[in-house]
$ cat entry.cif   # mmCIF, C-alpha atoms and all ligand atoms
data_entry
#
loop_
_atom_site.label_atom_id
_atom_site.label_comp_id
_atom_site.auth_asym_id
_atom_site.auth_seq_id
_atom_site.Cartn_x
_atom_site.Cartn_y
_atom_site.Cartn_z
CA MET A 191 46.37 6.89 -29.93
CA PHE A 192 44.55 10.16 -30.49
CA LYS A 193 46.10 13.59 -30.67
CA VAL A 194 43.16 16.00 -30.49
CA ILE A 195 43.49 19.56 -31.79
CA VAL A 196 40.61 22.04 -31.40
CA LYS A 197 40.46 25.18 -33.54
CA ASP A 198 38.06 28.10 -33.78
CA ASN A 199 36.82 27.81 -37.34
CA TYR A 200 36.85 25.67 -40.47
CA ASP A 201 39.75 27.54 -42.10
CA GLU A 202 41.94 26.99 -39.05
CA VAL A 203 40.89 23.33 -38.90
CA SER A 204 41.86 22.91 -42.57
CA ALA A 205 45.22 24.65 -42.07
CA GLU A 206 45.96 22.38 -39.11
CA ALA A 207 45.03 19.25 -41.08
CA PHE A 208 47.31 20.46 -43.87
CA LYS A 209 50.22 20.69 -41.40
CA VAL A 210 49.83 16.95 -40.75
CA MET A 211 49.62 16.24 -44.49
CA LYS A 212 52.57 18.53 -45.25
CA GLU A 213 54.83 16.74 -42.81
CA VAL A 214 54.17 13.49 -44.66
CA LEU A 215 54.65 15.12 -48.08
CA ASP A 216 57.89 16.75 -46.90
CA THR A 217 59.43 13.70 -45.27
CA GLU A 218 58.33 10.73 -47.38
CA GLU A 219 59.33 10.26 -50.98
CA ASN A 220 56.16 9.81 -53.03
CA PRO A 221 53.85 8.80 -50.17
CA VAL A 222 50.63 6.93 -50.93
CA LEU A 223 47.70 9.12 -49.87
CA GLY A 224 44.34 7.80 -48.65
CA LEU A 225 41.67 10.39 -49.44
CA ALA A 226 38.10 11.14 -48.39
CA THR A 227 35.23 13.08 -49.91
CA GLY A 228 32.44 15.12 -48.30
CA SER A 229 32.55 18.61 -46.80
CA SER A 230 35.20 17.97 -44.14
CA PRO A 231 38.35 17.67 -46.31
CA VAL A 232 37.53 20.38 -48.90
CA GLY A 233 39.55 23.03 -47.02
CA LEU A 234 42.50 20.64 -46.70
CA TYR A 235 42.41 20.02 -50.45
CA LYS A 236 42.36 23.80 -51.04
CA GLU A 237 45.51 24.04 -48.92
CA MET A 238 47.14 21.25 -50.95
CA ILE A 239 46.27 23.08 -54.19
CA ARG A 240 47.62 26.37 -52.80
CA ASP A 241 50.83 24.63 -51.71
CA HIS A 242 51.19 22.98 -55.14
CA LYS A 243 50.80 26.36 -56.89
CA GLU A 244 53.07 28.26 -54.50
CA THR A 245 55.87 25.73 -53.97
CA GLY A 246 55.64 23.68 -57.17
CA ARG A 247 55.31 20.48 -55.12
CA SER A 248 54.71 17.70 -57.61
CA TYR A 249 52.20 14.85 -57.34
CA LYS A 250 53.35 13.17 -60.58
CA ASN A 251 54.63 10.09 -58.77
CA ILE A 252 52.14 10.04 -55.94
CA LEU A 253 49.38 7.40 -55.74
CA THR A 254 46.01 8.07 -54.15
CA PHE A 255 43.33 5.69 -52.90
CA ASN A 256 39.89 7.05 -52.09
CA LEU A 257 37.76 5.57 -49.37
CA ASP A 258 34.48 5.06 -51.15
CA GLU A 259 32.04 5.55 -54.00
CA TYR A 260 28.26 5.47 -54.31
CA VAL A 261 26.81 2.37 -55.97
CA GLY A 262 24.85 3.05 -59.13
CA LEU A 263 26.03 6.52 -60.09
CA PRO A 264 27.92 6.75 -63.37
CA ARG A 265 31.52 7.96 -62.83
CA ASP A 266 30.72 11.25 -64.55
CA HIS A 267 27.61 11.92 -62.38
CA ARG A 268 27.91 15.34 -60.72
CA GLU A 269 27.75 13.74 -57.26
CA SER A 270 29.98 10.73 -57.83
CA TYR A 271 33.06 10.72 -55.64
CA TRP A 272 35.17 10.37 -58.80
CA THR A 273 33.77 13.74 -59.94
CA PHE A 274 34.11 15.23 -56.45
CA MET A 275 37.80 14.38 -56.24
CA HIS A 276 38.51 15.81 -59.68
CA GLN A 277 36.60 19.01 -58.94
CA ASN A 278 38.11 19.53 -55.50
CA LEU A 279 41.70 18.33 -55.96
CA PHE A 280 42.90 16.26 -58.91
CA ASN A 281 42.12 18.85 -61.63
CA TYR A 282 44.30 21.40 -59.84
CA ILE A 283 47.45 19.36 -59.13
CA ASP A 284 49.71 17.46 -61.53
CA ILE A 285 48.65 13.92 -60.58
CA PRO A 286 48.17 11.65 -63.63
CA ASP A 287 44.76 9.94 -63.76
CA GLU A 288 46.43 6.51 -63.78
CA ASN A 289 47.76 7.21 -60.26
CA VAL A 290 44.28 7.89 -58.91
CA HIS A 291 42.20 5.09 -57.39
CA VAL A 292 38.50 5.56 -56.57
CA PRO A 293 36.36 2.44 -56.03
CA LEU A 294 34.01 1.59 -58.89
CA GLY A 295 30.34 1.67 -57.96
CA ASN A 296 29.11 0.06 -61.17
CA GLY A 297 29.24 -3.35 -62.88
CA ASP A 298 30.27 -6.40 -60.88
CA ILE A 299 30.41 -4.83 -57.40
CA GLU A 300 31.79 -7.91 -55.64
CA GLU A 301 34.62 -8.21 -58.14
CA ASN A 302 35.31 -4.44 -57.94
CA CYS A 303 35.62 -4.70 -54.15
CA ARG A 304 37.97 -7.66 -54.38
CA ALA A 305 40.16 -5.96 -56.99
CA TYR A 306 40.27 -2.67 -55.06
CA GLU A 307 41.34 -4.33 -51.84
CA GLU A 308 43.97 -6.37 -53.71
CA GLU A 309 45.46 -3.21 -55.28
CA LEU A 310 45.30 -1.30 -51.98
CA LYS A 311 47.10 -4.13 -50.19
CA LYS A 312 50.09 -3.79 -52.50
CA HIS A 313 50.80 -0.37 -50.95
CA GLN A 314 51.35 1.19 -47.56
CA VAL A 315 49.11 4.22 -47.16
CA ALA A 316 51.30 6.87 -45.50
CA ILE A 317 48.42 9.10 -44.43
CA GLN A 318 44.67 8.47 -44.53
CA VAL A 319 42.33 11.46 -44.51
CA LEU A 320 38.99 10.77 -42.78
CA GLY A 321 35.77 12.55 -41.98
CA ILE A 322 33.20 11.05 -39.61
CA GLY A 323 29.47 10.54 -40.09
CA SER A 324 26.99 11.83 -37.50
CA ASP A 325 26.21 8.13 -36.87
CA GLY A 326 29.90 7.37 -36.21
CA HIS A 327 30.74 5.93 -39.63
CA ILE A 328 34.19 6.27 -41.16
CA ALA A 329 34.36 5.82 -44.92
CA PHE A 330 30.92 4.25 -45.40
CA ASN A 331 31.33 1.65 -42.68
CA GLU A 332 28.02 2.13 -40.94
CA PRO A 333 27.14 1.05 -37.36
CA GLY A 334 27.27 -2.75 -37.02
CA CYS A 335 29.98 -3.15 -39.66
CA PRO A 336 32.57 -5.68 -38.41
CA PHE A 337 35.98 -4.35 -37.36
CA ASP A 338 37.72 -6.89 -39.61
CA SER A 339 35.92 -5.71 -42.77
CA VAL A 340 37.85 -5.06 -45.99
CA THR A 341 36.54 -3.31 -49.13
CA HIS A 342 32.85 -4.18 -49.44
CA GLU A 343 29.41 -2.91 -50.38
CA MET A 344 27.57 -1.25 -47.47
CA PRO A 345 23.92 -0.22 -47.34
CA LEU A 346 23.73 3.42 -46.18
CA THR A 347 21.72 4.23 -43.06
CA GLU A 348 18.71 6.53 -43.20
CA GLN A 349 20.76 9.04 -41.16
CA THR A 350 23.62 9.07 -43.68
CA ARG A 351 21.22 9.41 -46.62
CA LYS A 352 19.49 12.31 -44.81
CA ASP A 353 22.85 13.94 -44.08
CA ASN A 354 23.94 13.62 -47.70
CA ALA A 355 20.64 14.72 -49.27
CA ARG A 356 22.11 18.24 -49.22
CA PHE A 357 24.24 17.21 -52.20
CA PHE A 358 21.20 15.80 -54.07
CA ASP A 359 18.84 18.82 -54.23
CA GLY A 360 17.81 18.08 -50.62
CA ASP A 361 16.01 14.97 -51.86
CA ILE A 362 16.82 11.78 -49.91
CA ASN A 363 15.28 9.68 -52.70
CA GLN A 364 18.09 10.71 -55.01
CA VAL A 365 20.77 9.55 -52.56
CA PRO A 366 22.05 6.08 -53.49
CA VAL A 367 21.11 3.32 -51.06
CA SER A 368 24.55 1.76 -50.84
CA ALA A 369 28.23 2.42 -51.42
CA VAL A 370 31.45 0.57 -52.09
CA THR A 371 33.78 1.34 -49.21
CA MET A 372 37.18 0.42 -47.88
CA GLY A 373 36.59 -1.67 -44.76
CA LEU A 374 37.59 -0.81 -41.21
CA ALA A 375 40.53 -3.23 -41.34
CA SER A 376 41.66 -1.65 -44.65
CA ILE A 377 41.66 1.81 -43.03
CA MET A 378 43.52 0.61 -39.93
CA ARG A 379 46.51 -0.44 -42.09
CA ALA A 380 47.34 3.23 -42.83
CA LYS A 381 50.50 4.41 -41.08
CA LYS A 382 48.98 7.73 -40.02
CA ILE A 383 45.43 9.08 -39.94
CA VAL A 384 44.12 12.65 -39.91
CA LEU A 385 40.41 12.92 -39.12
CA ILE A 386 38.55 16.20 -39.61
CA ALA A 387 35.19 17.01 -37.99
CA THR A 388 33.35 20.29 -37.62
CA GLY A 389 29.87 21.26 -36.47
CA ALA A 390 27.58 20.35 -33.58
CA ASN A 391 26.03 17.41 -35.47
CA LYS A 392 29.39 15.57 -35.17
CA ALA A 393 29.79 16.07 -31.40
CA ASP A 394 28.19 12.75 -30.33
CA ALA A 395 30.11 10.74 -32.93
CA VAL A 396 33.40 12.42 -31.94
CA TYR A 397 32.69 11.64 -28.28
CA GLY A 398 31.86 8.01 -29.13
CA MET A 399 35.05 7.64 -31.18
CA ILE A 400 37.38 8.99 -28.51
CA LYS A 401 35.72 8.47 -25.13
CA GLY A 402 33.07 5.85 -25.81
CA GLU A 403 33.27 2.10 -25.58
CA LYS A 404 35.04 0.40 -28.48
CA THR A 405 32.07 -1.07 -30.27
CA THR A 406 30.84 -1.63 -33.80
CA ASP A 407 27.85 0.57 -32.85
CA CYS A 408 30.32 3.44 -33.35
CA PRO A 409 32.59 2.24 -36.17
CA ALA A 410 35.04 5.15 -35.63
CA SER A 411 35.80 3.80 -32.14
CA ILE A 412 38.07 1.23 -33.83
CA LEU A 413 40.53 4.12 -34.17
CA GLN A 414 41.18 3.81 -30.41
CA ASP A 415 43.46 0.92 -31.45
CA HIS A 416 45.40 2.90 -34.08
CA PRO A 417 48.85 4.15 -33.04
CA ASP A 418 48.77 7.53 -34.82
CA VAL A 419 45.49 9.44 -35.27
CA THR A 420 45.35 13.25 -35.30
CA VAL A 421 41.79 14.51 -34.83
CA VAL A 422 41.23 18.12 -35.88
CA LEU A 423 37.98 19.64 -34.60
CA ASP A 424 36.20 22.92 -34.24
CA GLN A 425 34.71 23.89 -30.87
CA ALA A 426 31.25 22.61 -31.77
CA ALA A 427 32.45 19.12 -32.76
CA ALA A 428 34.62 18.98 -29.62
CA ALA A 429 31.82 20.17 -27.30
CA LYS A 430 31.11 16.78 -25.67
CA LEU A 431 34.73 15.71 -25.04
C1 LIG A 501 33.53 10.29 -47.54
C2 LIG A 501 33.38 9.44 -46.38
C3 LIG A 501 32.42 9.75 -45.27
C4 LIG A 501 32.44 11.21 -44.84
C5 LIG A 501 31.43 11.43 -43.73
C6 LIG A 501 31.39 12.89 -43.30
O1 LIG A 501 34.49 9.77 -48.43
O2 LIG A 501 34.04 8.46 -46.33
O3 LIG A 501 32.72 8.94 -44.17
O4 LIG A 501 33.73 11.53 -44.39
O5 LIG A 501 30.17 11.05 -44.16
O6 LIG A 501 30.95 13.66 -44.37
P1 LIG A 501 31.03 15.25 -44.34
O7 LIG A 501 32.49 15.60 -44.32
O8 LIG A 501 30.38 15.70 -45.63
O9 LIG A 501 30.32 15.70 -43.12
#

$ encode --input "entry.cif" --output "C-alpha cells" --more "lines below"
Ligand code: F6R
Amino acid sequence: MFKVIVKDNYDEVSAEAFKVMKEVLDTEENPVLGLATGSSPVGLYKEMIRDHKETGRSYKNILTFNLDEYVGLPRDHRESYWTFMHQNLFNYIDIPDENVHVPLGNGDIEENCRAYEEELKKHQVAIQVLGIGSDGHIAFNEPGCPFDSVTHEMPLTEQTRKDNARFFDGDINQVPVSAVTMGLASIMRAKKIVLIATGANKADAVYGMIKGEKTTDCPASILQDHPDVTVVLDQAAAAKL
C-alpha cells in the first residue's frame, strides 16, 4: 500500500523522509536499516547526521544493509557505493564499520551475492530507503528482472549508465556495466519502505510504480504488493499521477 506525500522542494522532501525514518529510530530498539545511494537520499542522510549531532542519537548498535554496489570498482574508488555511504553518512555518525554491510563488487561475485543474501536473511530490515531509476528500477533491479530475485549480479541498462554518467565525469564509458544488487524479493521482506523521487525525469517511473500494471517491465511496480510504502515526491516527480 502506498502513502504518497508531495512536497515543494528537495529539502522538504528530505525532511519528510526523515520523519518516516525518525519514527522507526524512535520506536524500535536498534532497528536494522536498509540504505540506498544516489542523489535521492543525500538530504535524508544530512537530516540523520543533524539529528545525531543535535540529539546524540547513537548508531553504535544499529546494523545497516546497502542495496547495491558496482561490479569492478575497488572499494576505495571515489564512486564506489562503499565510499559514497562513508562520505554521506557513516563518517558522521557513530556506527562501527563492522555493523555496516555493502555488497562486494569484486572477487567471486556469485559467492558474494550468496553470502550477502544469507547475512541479510538473518535480520528483519525495519525500514528500507529506496530511490527509483528513470527506467523504473529499484536498487539495480532493471526492467525484466524477476520479482522473486534475491541478491544477484545485474547488467545495467544503457539508460541507467547514461543517468549515472554524471558521477563519472559525464563519461558513460567509465560507468560500470553491471552491479551486485539485492533482489526484488529481498527488498520486499523489509517491514517498511520509504521511497524518495524528485525531478521530471522520474515522473514516468513513479506513475508506472503506483498506477501502472504490475509488471517486471517496471520493477518498482512490485511495491504495489508491499503493505507499507511511503513515497515522498516533489511536484515534478508527481506530475503524472
Ligand atoms: C542506489 C540505487 C538506485 C538509485 C536510483 C536513483 O543505491 O539502488 O536504484 O536509487 O538509480 O538514483 P538517483 O537517486 O541518483 O536518481

$ closest_residue --input "entry.cif" --among "A:Leu263, A:Ile383, A:Cys408, A:Ala427" --to "A:Ala369" --atoms "all atoms listed in the file"
A:Leu263

$ residues_near_ligand --input "entry.cif" --ligand "ligand LIG 501 (chain A)" --cutoff "7 Å" --atoms "only C-alpha atoms and all ligand atoms" --output "list of chain:residue names"
A:Ala226, A:Thr227, A:Gly228, A:Ser229, A:Ser230, A:Pro231, A:Leu257, A:Asp258, A:Leu320, A:Gly321, A:Ile322, A:Gly323, A:His327, A:Ile328, A:Ala329, A:Phe330, A:Thr350

$ closest_residue --input "entry.cif" --among "A:Ser376, A:Thr405, A:Ser324, A:Thr217" --to "A:Arg351" --atoms "only C-alpha atoms"
A:Ser324

$ atom_distance --input "entry.cif" --atom1 "atom CA of A:Thr273" --atom2 "atom CA of A:Val292"
10.0 Å

$ residues_around --input "entry.cif" --residues "A:Gln314" --least-positions-apart "3" --cutoff "8 Å" --atoms "all atoms listed in the file" --output "MDAnalysis selection string"
chainID A and resid 222 310:311 379:381

$ closest_residue --input "entry.cif" --among "A:Gln349, A:Asn363, A:Ser411, A:Asn220" --to "A:Leu253" --atoms "only C-alpha atoms"
A:Asn220

$ decode --input "entry.cif" --residues "stretch 284-303 of chain A" --atoms "C-alpha atoms" --output "short mmCIF file (atom, residue, chain, number, x, y, z; two decimals), in the first residue's frame"
data_model
loop_
_atom_site.label_atom_id
_atom_site.label_comp_id
_atom_site.auth_asym_id
_atom_site.auth_seq_id
_atom_site.Cartn_x
_atom_site.Cartn_y
_atom_site.Cartn_z
CA ASP A 284 28.94 6.70 15.46
CA ILE A 285 28.25 3.45 13.58
CA PRO A 286 31.15 0.96 13.80
CA ASP A 287 32.38 -0.29 10.41
CA GLU A 288 31.64 -3.89 11.41
CA ASN A 289 27.91 -3.01 11.57
CA VAL A 290 27.90 -1.74 8.00
CA HIS A 291 27.06 -4.06 5.10
CA VAL A 292 27.61 -3.02 1.47
CA PRO A 293 27.69 -5.75 -1.20
CA LEU A 294 31.14 -6.57 -2.56
CA GLY A 295 31.56 -5.91 -6.26
CA ASN A 296 34.91 -7.66 -6.57
CA GLY A 297 36.28 -11.21 -6.43
CA ASP A 298 33.90 -14.15 -6.64
CA ILE A 299 30.68 -12.27 -7.43
CA GLU A 300 28.39 -15.30 -7.24
CA GLU A 301 29.73 -16.23 -3.82
CA ASN A 302 29.49 -12.59 -2.64
CA CYS A 303 25.82 -12.49 -3.67
#
